[in-house]
>>> print(open('work.csv').read())   # CSV, C-alpha atoms
chain,number,residue,atom,x,y,z
Q,1,MET,CA,13.7,-14.0,-2.9
Q,2,SER,CA,17.3,-14.0,-2.0
Q,3,GLY,CA,18.1,-16.7,0.4
Q,4,GLY,CA,19.5,-17.0,3.8
Q,5,ILE,CA,20.7,-14.6,6.4
Q,6,VAL,CA,22.0,-12.0,3.9
Q,7,GLY,CA,18.5,-11.6,2.4
Q,8,LEU,CA,17.0,-11.1,5.9
Q,9,VAL,CA,19.6,-8.5,6.8
Q,10,LEU,CA,19.0,-6.7,3.6
Q,11,VAL,CA,15.3,-6.6,4.2
Q,12,ALA,CA,15.8,-5.3,7.8
Q,13,VAL,CA,18.3,-2.6,6.7
Q,14,GLY,CA,16.1,-1.5,3.8
Q,15,GLY,CA,13.1,-1.4,6.2
Q,16,ALA,CA,14.9,0.8,8.7
Q,17,LEU,CA,16.0,3.3,6.1
Q,18,GLY,CA,12.6,3.3,4.4
Q,19,GLY,CA,10.9,3.9,7.8
Q,20,MET,CA,13.2,6.8,8.6
Q,21,ALA,CA,12.6,8.3,5.2
Q,22,ARG,CA,8.8,8.0,5.7
Q,23,LEU,CA,9.2,9.9,9.0
Q,24,ALA,CA,11.1,12.6,7.3
Q,25,VAL,CA,8.6,13.0,4.5
Q,26,GLY,CA,5.8,13.0,7.1
Q,27,ASP,CA,7.5,15.8,9.1
Q,28,LEU,CA,8.1,17.8,6.0
Q,29,MET,CA,4.5,17.5,4.6
Q,30,ALA,CA,3.1,18.4,8.1
Q,31,HIS,CA,5.3,21.4,8.2
Q,32,TRP,CA,4.2,22.6,4.7
Q,33,LEU,CA,0.6,21.6,4.6
Q,34,GLY,CA,-0.4,21.2,8.3
Q,35,ARG,CA,-1.8,18.2,10.2
Q,36,GLY,CA,-5.4,18.4,9.2
Q,37,PHE,CA,-5.1,15.8,6.5
Q,38,PRO,CA,-2.6,12.9,6.3
Q,39,TRP,CA,-0.5,14.4,3.5
Q,40,GLY,CA,2.6,12.6,4.5
Q,41,THR,CA,1.2,9.1,4.4
Q,42,LEU,CA,-0.5,9.8,1.0
Q,43,THR,CA,2.8,11.2,-0.3
Q,44,VAL,CA,5.0,8.3,0.8
Q,45,ASN,CA,2.5,5.8,-0.5
Q,46,VAL,CA,2.2,7.3,-4.0
Q,47,LEU,CA,6.0,7.9,-4.3
Q,48,GLY,CA,6.7,4.4,-3.1
Q,49,CYS,CA,4.3,2.9,-5.6
Q,50,LEU,CA,5.9,4.9,-8.4
Q,51,ALA,CA,9.3,3.7,-7.4
Q,52,ILE,CA,8.3,0.0,-7.0
Q,53,GLY,CA,6.7,0.0,-10.4
Q,54,ALA,CA,9.9,1.2,-12.0
Q,55,LEU,CA,12.0,-1.2,-9.9
Q,56,ALA,CA,9.8,-4.2,-10.7
Q,57,THR,CA,10.5,-3.5,-14.4
Q,58,ALA,CA,14.2,-2.9,-13.9
Q,59,LEU,CA,14.8,-6.0,-11.8
Q,60,GLY,CA,12.4,-8.4,-13.6
Q,61,TRP,CA,9.9,-9.0,-10.9
Q,62,PRO,CA,8.2,-11.4,-10.3
Q,63,ILE,CA,10.4,-13.9,-12.2
Q,64,ALA,CA,13.8,-12.9,-10.9
Q,65,SER,CA,14.6,-12.0,-7.4
Q,66,SER,CA,17.9,-10.6,-6.2
Q,67,PRO,CA,19.7,-9.0,-3.2
Q,68,ALA,CA,18.8,-5.6,-4.8
Q,69,TRP,CA,15.1,-6.5,-4.7
Q,70,SER,CA,15.3,-7.5,-1.1
Q,71,LEU,CA,17.1,-4.3,0.0
Q,72,LEU,CA,15.3,-1.8,-2.2
Q,73,ALA,CA,11.8,-3.2,-2.7
Q,74,VAL,CA,10.9,-5.6,0.1
Q,75,GLY,CA,12.8,-3.7,2.7
Q,76,GLY,CA,13.2,-0.1,1.5
Q,77,LEU,CA,9.9,0.7,-0.4
Q,78,GLY,CA,8.0,-1.8,1.7
Q,79,GLY,CA,9.1,0.1,4.9
Q,80,PHE,CA,8.7,3.5,3.2
Q,81,THR,CA,5.1,2.9,2.4
Q,82,THR,CA,2.5,2.0,5.0
Q,83,VAL,CA,-1.0,0.7,5.4
Q,84,SER,CA,-1.2,0.9,9.2
Q,85,SER,CA,-0.9,4.7,9.4
Q,86,PHE,CA,-3.3,5.1,6.4
Q,87,SER,CA,-5.9,2.9,8.2
Q,88,LEU,CA,-5.5,4.7,11.6
Q,89,GLN,CA,-5.6,8.2,10.0
Q,90,THR,CA,-8.6,7.4,7.8
Q,91,LEU,CA,-10.5,5.9,10.7
Q,92,THR,CA,-9.7,8.9,12.9
Q,93,LEU,CA,-10.9,11.3,10.2
Q,94,TRP,CA,-14.1,9.3,9.9
Q,95,GLN,CA,-14.7,9.1,13.7
Q,96,GLU,CA,-14.0,12.8,14.1
Q,97,GLY,CA,-17.0,13.4,11.8
Q,98,ARG,CA,-14.8,14.4,8.9
Q,99,SER,CA,-16.3,11.7,6.5
Q,100,GLY,CA,-15.5,13.8,3.4
Q,101,PRO,CA,-11.7,13.9,3.9
Q,102,ALA,CA,-11.8,10.3,5.1
Q,103,VAL,CA,-13.4,9.1,1.8
Q,104,VAL,CA,-11.2,11.4,-0.3
Q,105,ASN,CA,-8.1,10.0,1.5
Q,106,GLY,CA,-9.2,6.4,0.9
Q,107,LEU,CA,-10.0,6.9,-2.8
Q,108,ALA,CA,-7.0,9.1,-3.5
Q,109,THR,CA,-4.6,6.6,-1.9
Q,110,LEU,CA,-6.1,3.6,-3.8
Q,111,VAL,CA,-6.4,5.3,-7.2
Q,112,ALA,CA,-3.2,7.3,-7.1
Q,113,GLY,CA,-1.3,4.4,-5.7
Q,114,VAL,CA,-2.3,1.9,-8.4
Q,115,ALA,CA,-1.9,4.6,-11.1
Q,116,ALA,CA,1.6,5.5,-9.8
Q,117,THR,CA,2.6,1.9,-9.9
Q,118,ALA,CA,1.5,1.6,-13.5
Q,119,LEU,CA,3.2,4.8,-14.4
Q,120,GLY,CA,6.5,3.7,-12.8
Q,121,TRP,CA,6.3,0.4,-14.5
Q,122,TRP,CA,5.6,2.1,-17.9
Q,123,LEU,CA,8.3,4.8,-17.4
Q,124,ALA,CA,10.9,2.1,-16.8
Q,125,GLY,CA,10.0,0.4,-20.0
Q,126,GLY,CA,7.6,-2.2,-18.8
Q,127,GLY,CA,5.2,-3.5,-21.5
Q,128,ALA,CA,1.5,-3.1,-21.2
H,1,MET,CA,10.1,18.0,13.8
H,2,THR,CA,11.4,14.7,15.1
H,3,GLY,CA,14.6,14.5,17.0
H,4,TRP,CA,17.3,11.9,16.4
H,5,ARG,CA,15.9,9.6,19.1
H,6,GLY,CA,12.6,9.5,17.2
H,7,TYR,CA,14.4,8.6,14.0
H,8,LEU,CA,16.4,5.9,15.7
H,9,ALA,CA,13.2,4.4,17.3
H,10,VAL,CA,11.3,4.5,14.1
H,11,GLY,CA,14.2,3.1,12.1
H,12,LEU,CA,14.7,0.2,14.5
H,13,GLY,CA,11.0,-0.6,14.6
H,14,SER,CA,10.6,-0.3,10.9
H,15,GLY,CA,13.5,-2.6,10.2
H,16,LEU,CA,12.2,-5.2,12.6
H,17,GLY,CA,8.7,-4.7,11.1
H,18,ALA,CA,10.0,-5.3,7.5
H,19,LEU,CA,11.8,-8.4,8.7
H,20,ALA,CA,8.7,-9.7,10.3
H,21,ARG,CA,6.7,-9.0,7.2
H,22,HIS,CA,9.3,-10.9,5.1
H,23,LEU,CA,9.2,-13.9,7.4
H,24,VAL,CA,5.3,-13.9,7.3
H,25,GLY,CA,5.7,-14.0,3.5
H,26,LEU,CA,8.2,-16.9,3.6
H,27,GLY,CA,5.9,-18.7,6.0
H,28,MET,CA,2.9,-18.2,3.6
H,29,LEU,CA,5.1,-19.5,0.8
H,30,GLN,CA,5.8,-22.7,2.8
H,31,ALA,CA,2.2,-23.2,3.9
H,32,LEU,CA,0.3,-22.2,0.7
H,33,GLY,CA,2.9,-22.6,-2.0
H,34,SER,CA,2.6,-18.9,-2.8
H,35,ALA,CA,3.1,-15.7,-0.7
H,36,PHE,CA,1.2,-13.7,-3.3
H,37,LEU,CA,-1.6,-11.5,-2.0
H,38,TRP,CA,-2.3,-13.5,1.1
H,39,GLY,CA,1.0,-12.5,2.8
H,40,THR,CA,0.5,-8.8,2.1
H,41,LEU,CA,-3.2,-8.9,3.0
H,42,ALA,CA,-2.3,-10.6,6.3
H,43,VAL,CA,0.4,-8.2,7.4
H,44,ASN,CA,-1.7,-5.2,6.4
H,45,LEU,CA,-4.7,-6.4,8.5
H,46,VAL,CA,-2.6,-7.3,11.5
H,47,GLY,CA,-0.6,-4.0,11.3
H,48,SER,CA,-3.8,-1.9,11.0
H,49,TRP,CA,-5.3,-3.7,14.0
H,50,LEU,CA,-2.1,-3.2,16.1
H,51,ILE,CA,-1.5,0.4,15.3
H,52,ALA,CA,-5.1,1.3,16.3
H,53,ALA,CA,-4.9,-0.8,19.4
H,54,CYS,CA,-1.6,1.0,20.4
H,55,ALA,CA,-3.1,4.5,19.6
H,56,ALA,CA,-6.1,3.8,21.7
H,57,ARG,CA,-3.9,2.5,24.6
H,58,VAL,CA,-1.6,5.5,24.5
H,59,GLY,CA,-4.5,7.9,24.2
H,60,HIS,CA,-3.4,11.5,24.9
H,61,ARG,CA,-0.7,10.5,27.4
H,62,VAL,CA,2.6,12.2,26.7
H,63,THR,CA,4.7,10.5,29.4
H,64,GLY,CA,5.0,7.0,30.7
H,65,HIS,CA,5.7,3.6,29.3
H,66,ALA,CA,3.2,3.6,26.5
H,67,ALA,CA,4.1,7.1,25.3
H,68,ARG,CA,7.9,6.2,25.3
H,69,TRP,CA,7.4,3.2,23.1
H,70,GLN,CA,4.9,4.8,20.7
H,71,PRO,CA,7.3,5.9,17.9
H,72,PHE,CA,9.0,2.5,17.9
H,73,LEU,CA,5.8,0.5,17.9
H,74,MET,CA,3.5,2.7,15.7
H,75,ALA,CA,5.4,4.6,13.1
H,76,GLY,CA,8.3,2.1,13.4
H,77,PHE,CA,7.1,-1.5,13.7
H,78,CYS,CA,3.6,-1.2,12.3
H,79,GLY,CA,4.8,1.2,9.6
H,80,GLY,CA,7.5,-1.2,8.4
H,81,PHE,CA,5.4,-4.3,8.9
H,82,THR,CA,2.6,-3.1,6.6
H,83,THR,CA,3.2,-2.1,3.0
H,84,PHE,CA,1.3,-0.2,0.4
H,85,SER,CA,3.8,-0.4,-2.4
H,86,LEU,CA,3.8,-4.2,-2.6
H,87,PHE,CA,0.0,-4.0,-2.5
H,88,GLY,CA,0.0,-1.7,-5.4
H,89,LEU,CA,2.4,-3.8,-7.3
H,90,GLU,CA,0.3,-7.0,-6.8
H,91,THR,CA,-2.8,-5.2,-7.9
H,92,LEU,CA,-1.1,-4.0,-11.0
H,93,TYR,CA,0.3,-7.5,-11.7
H,94,LEU,CA,-3.3,-8.9,-11.5
H,95,LEU,CA,-4.3,-6.3,-14.1
H,96,GLU,CA,-1.3,-7.0,-16.3
H,97,THR,CA,-2.0,-10.8,-16.3
H,98,SER,CA,-5.6,-10.2,-17.4
H,99,ARG,CA,-7.3,-10.9,-14.1
H,100,PRO,CA,-9.2,-7.6,-13.8
H,101,GLY,CA,-12.0,-9.1,-11.6
H,102,LEU,CA,-9.5,-10.3,-9.1
H,103,ALA,CA,-7.5,-7.1,-9.3
H,104,LEU,CA,-10.7,-5.1,-8.6
H,105,ALA,CA,-11.7,-7.4,-5.7
H,106,TYR,CA,-8.2,-7.2,-4.2
H,107,GLY,CA,-7.7,-3.5,-4.7
H,108,VAL,CA,-11.1,-2.2,-3.7
H,109,GLY,CA,-11.8,-5.0,-1.2
H,110,SER,CA,-8.6,-4.5,0.8
H,111,VAL,CA,-9.3,-0.9,1.9
H,112,PRO,CA,-12.5,-1.6,3.9
H,113,LEU,CA,-10.9,-4.7,5.5
H,114,TRP,CA,-7.9,-2.6,6.7
H,115,LEU,CA,-10.3,0.0,8.1
H,116,ALA,CA,-12.3,-2.6,9.8
H,117,ALA,CA,-9.2,-4.1,11.4
H,118,ALA,CA,-8.2,-0.6,12.7
H,119,TRP,CA,-11.7,-0.1,14.0
H,120,TRP,CA,-11.6,-3.4,15.9
H,121,GLY,CA,-8.1,-2.6,17.2
H,122,ARG,CA,-9.2,0.7,18.5
H,123,ARG,CA,-12.1,-0.9,20.4
H,124,VAL,CA,-9.9,-3.6,21.9
H,125,GLY,CA,-7.1,-1.1,22.8
H,126,ARG,CA,-9.3,1.3,24.6
H,127,PRO,CA,-8.5,1.1,28.3
H,128,GLY,CA,-11.2,-0.7,30.3
H,129,VAL,CA,-12.6,-2.5,27.3
H,130,GLY,CA,-11.9,-6.1,26.9
H,131,PRO,CA,-11.4,-7.9,23.6
>>> encode(input="work.csv", output="structure tokens")
Amino acid sequence: MSGGIVGLVLVAVGGALGGMARLAVGDLMAHWLGRGFPWGTLTVNVLGCLAIGALATALGWPIASSPAWSLLAVGGLGGFTTVSSFSLQTLTLWQEGRSGPAVVNGLATLVAGVAATALGWWLAGGGA
Amino acid sequence: MTGWRGYLAVGLGSGLGALARHLVGLGMLQALGSAFLWGTLAVNLVGSWLIAACAARVGHRVTGHAARWQPFLMAGFCGGFTTFSLFGLETLYLLETSRPGLALAYGVGSVPLWLAAAWWGRRVGRPGVGP
């Protein structure tokens, strides 16, 4: 964890950029695939996991921490991915009586997210 | 498609959300000696509750106070406050350090807890329904 004000500013800047990128991906996926299923949230979460796995290897997480980790991982990828939208969208699917898509979204997010993190980790040269 | 005002609102909210998440993590570190797992679980539960409460409060209104603040609060603050990537990384780390039971409990256990928090938030946020 990089200390002091600089670390906090880096997290906030990363979070702002990550959040705007999440919005852009959400818009794009809704445009391509429609709004019937939360494709945007699933996409940002899987992409963010892939990237954070690779970044963790590259930057030596969790032993080392650096300004780059604060900006890119804690702020950027932390803000790019989201649990709140996932929860709201999955709950909404369920309460609309679309239990199938709700379960698929839950399982796909969890399984693809953890698998993507492992893949990113491995691609960047992290040991098993 | 979202206009530039939407991007600005979401960016500001998400930056503040990420900062708040980081501060919760630092607070957990002080209180428990480790921010690992508990900090992420806490922000994800609170964020899921909050976004559902906001969504219920806004309902289908397209104008007014609540609707104006919606992008800042929901996709912005709640989105930046919660995180899925760090959750994934922590789950992988538990697997890598030979704690498959804990990884499974954390990974599979978190999802129903997030959904329960959202369900509760939606109930609380519905106009005319108290906590």
>>> closest_residue(input="work.csv", among="H:Ala31, H:Val108, H:Leu89, H:Leu113", to="Ala54 (chain Q)", atoms="only C-alpha atoms")
H:Leu89
>>> closest_atom_pairs(input="work.csv", of="region 19-51 of chain Q", to="region 87-107 of chain Q", cutoff="10 Å", atoms="all atoms listed in the file", output="JSON lines")
{"residue": "Q:Gly36", "atom": "CA", "partner": "Q:Leu93", "partner_atom": "CA", "distance": 9.0}
{"residue": "Q:Phe37", "atom": "CA", "partner": "Q:Pro101", "partner_atom": "CA", "distance": 7.3}
{"residue": "Q:Pro38", "atom": "CA", "partner": "Q:Gln89", "partner_atom": "CA", "distance": 6.7}
{"residue": "Q:Trp39", "atom": "CA", "partner": "Q:Asn105", "partner_atom": "CA", "distance": 9.0}
{"residue": "Q:Thr41", "atom": "CA", "partner": "Q:Gln89", "partner_atom": "CA", "distance": 8.9}
{"residue": "Q:Leu42", "atom": "CA", "partner": "Q:Asn105", "partner_atom": "CA", "distance": 7.6}
>>> closest_residue(input="work.csv", among="Q:Val74, Q:Ala30, Q:Leu123, Q:Val114", to="Gly15 (chain Q)", atoms="all atoms listed in the file")
Q:Val74
>>> interface_residues(input="work.csv", of="chain H", to="chain Q", cutoff="8 Å", atoms="only C-alpha atoms", output="ChimeraX atom specification")
/H:1-2,7-8,10-19,22,44,47-49,51-52,74-76,78-86,88-89,91-92,96,107-108,111,114-115,118-119
>>> write_last_selection(input="work.csv", atoms="C-alpha atoms", output="PDB file, keeping the file's coordinate frame")
ATOM      1  CA  MET H   1      10.100  18.000  13.800  1.00  0.00           C
ATOM      2  CA  THR H   2      11.400  14.700  15.100  1.00  0.00           C
ATOM      3  CA  TYR H   7      14.400   8.600  14.000  1.00  0.00           C
ATOM      4  CA  LEU H   8      16.400   5.900  15.700  1.00  0.00           C
ATOM      5  CA  VAL H  10      11.300   4.500  14.100  1.00  0.00           C
ATOM      6  CA  GLY H  11      14.200   3.100  12.100  1.00  0.00           C
ATOM      7  CA  LEU H  12      14.700   0.200  14.500  1.00  0.00           C
ATOM      8  CA  GLY H  13      11.000  -0.600  14.600  1.00  0.00           C
ATOM      9  CA  SER H  14      10.600  -0.300  10.900  1.00  0.00           C
ATOM     10  CA  GLY H  15      13.500  -2.600  10.200  1.00  0.00           C
ATOM     11  CA  LEU H  16      12.200  -5.200  12.600  1.00  0.00           C
ATOM     12  CA  GLY H  17       8.700  -4.700  11.100  1.00  0.00           C
ATOM     13  CA  ALA H  18      10.000  -5.300   7.500  1.00  0.00           C
ATOM     14  CA  LEU H  19      11.800  -8.400   8.700  1.00  0.00           C
ATOM     15  CA  HIS H  22       9.300 -10.900   5.100  1.00  0.00           C
ATOM     16  CA  ASN H  44      -1.700  -5.200   6.400  1.00  0.00           C
ATOM     17  CA  GLY H  47      -0.600  -4.000  11.300  1.00  0.00           C
ATOM     18  CA  SER H  48      -3.800  -1.900  11.000  1.00  0.00           C
ATOM     19  CA  TRP H  49      -5.300  -3.700  14.000  1.00  0.00           C
ATOM     20  CA  ILE H  51      -1.500   0.400  15.300  1.00  0.00           C
ATOM     21  CA  ALA H  52      -5.100   1.300  16.300  1.00  0.00           C
ATOM     22  CA  MET H  74       3.500   2.700  15.700  1.00  0.00           C
ATOM     23  CA  ALA H  75       5.400   4.600  13.100  1.00  0.00           C
ATOM     24  CA  GLY H  76       8.300   2.100  13.400  1.00  0.00           C
ATOM     25  CA  CYS H  78       3.600  -1.200  12.300  1.00  0.00           C
ATOM     26  CA  GLY H  79       4.800   1.200   9.600  1.00  0.00           C
ATOM     27  CA  GLY H  80       7.500  -1.200   8.400  1.00  0.00           C
ATOM     28  CA  PHE H  81       5.400  -4.300   8.900  1.00  0.00           C
ATOM     29  CA  THR H  82       2.600  -3.100   6.600  1.00  0.00           C
ATOM     30  CA  THR H  83       3.200  -2.100   3.000  1.00  0.00           C
ATOM     31  CA  PHE H  84       1.300  -0.200   0.400  1.00  0.00           C
ATOM     32  CA  SER H  85       3.800  -0.400  -2.400  1.00  0.00           C
ATOM     33  CA  LEU H  86       3.800  -4.200  -2.600  1.00  0.00           C
ATOM     34  CA  GLY H  88       0.000  -1.700  -5.400  1.00  0.00           C
ATOM     35  CA  LEU H  89       2.400  -3.800  -7.300  1.00  0.00           C
ATOM     36  CA  THR H  91      -2.800  -5.200  -7.900  1.00  0.00           C
ATOM     37  CA  LEU H  92      -1.100  -4.000 -11.000  1.00  0.00           C
ATOM     38  CA  GLU H  96      -1.300  -7.000 -16.300  1.00  0.00           C
ATOM     39  CA  GLY H 107      -7.700  -3.500  -4.700  1.00  0.00           C
ATOM     40  CA  VAL H 108     -11.100  -2.200  -3.700  1.00  0.00           C
ATOM     41  CA  VAL H 111      -9.300  -0.900   1.900  1.00  0.00           C
ATOM     42  CA  TRP H 114      -7.900  -2.600   6.700  1.00  0.00           C
ATOM     43  CA  LEU H 115     -10.300   0.000   8.100  1.00  0.00           C
ATOM     44  CA  ALA H 118      -8.200  -0.600  12.700  1.00  0.00           C
ATOM     45  CA  TRP H 119     -11.700  -0.100  14.000  1.00  0.00           C
TER      46      TRP H 119
END
>>> atom_distance(input="work.csv", atom1="CA of Arg21 (chain H)", atom2="CA of Val43 (chain H)")
6.4 Å
>>> atom_distance(input="work.csv", atom1="CA of Thr57 (chain Q)", atom2="CA of Ser34 (chain H)")
20.8 Å
>>> atom_distance(input="work.csv", atom1="CA of Ala58 (chain Q)", atom2="CA of Ala124 (chain Q)")
6.7 Å
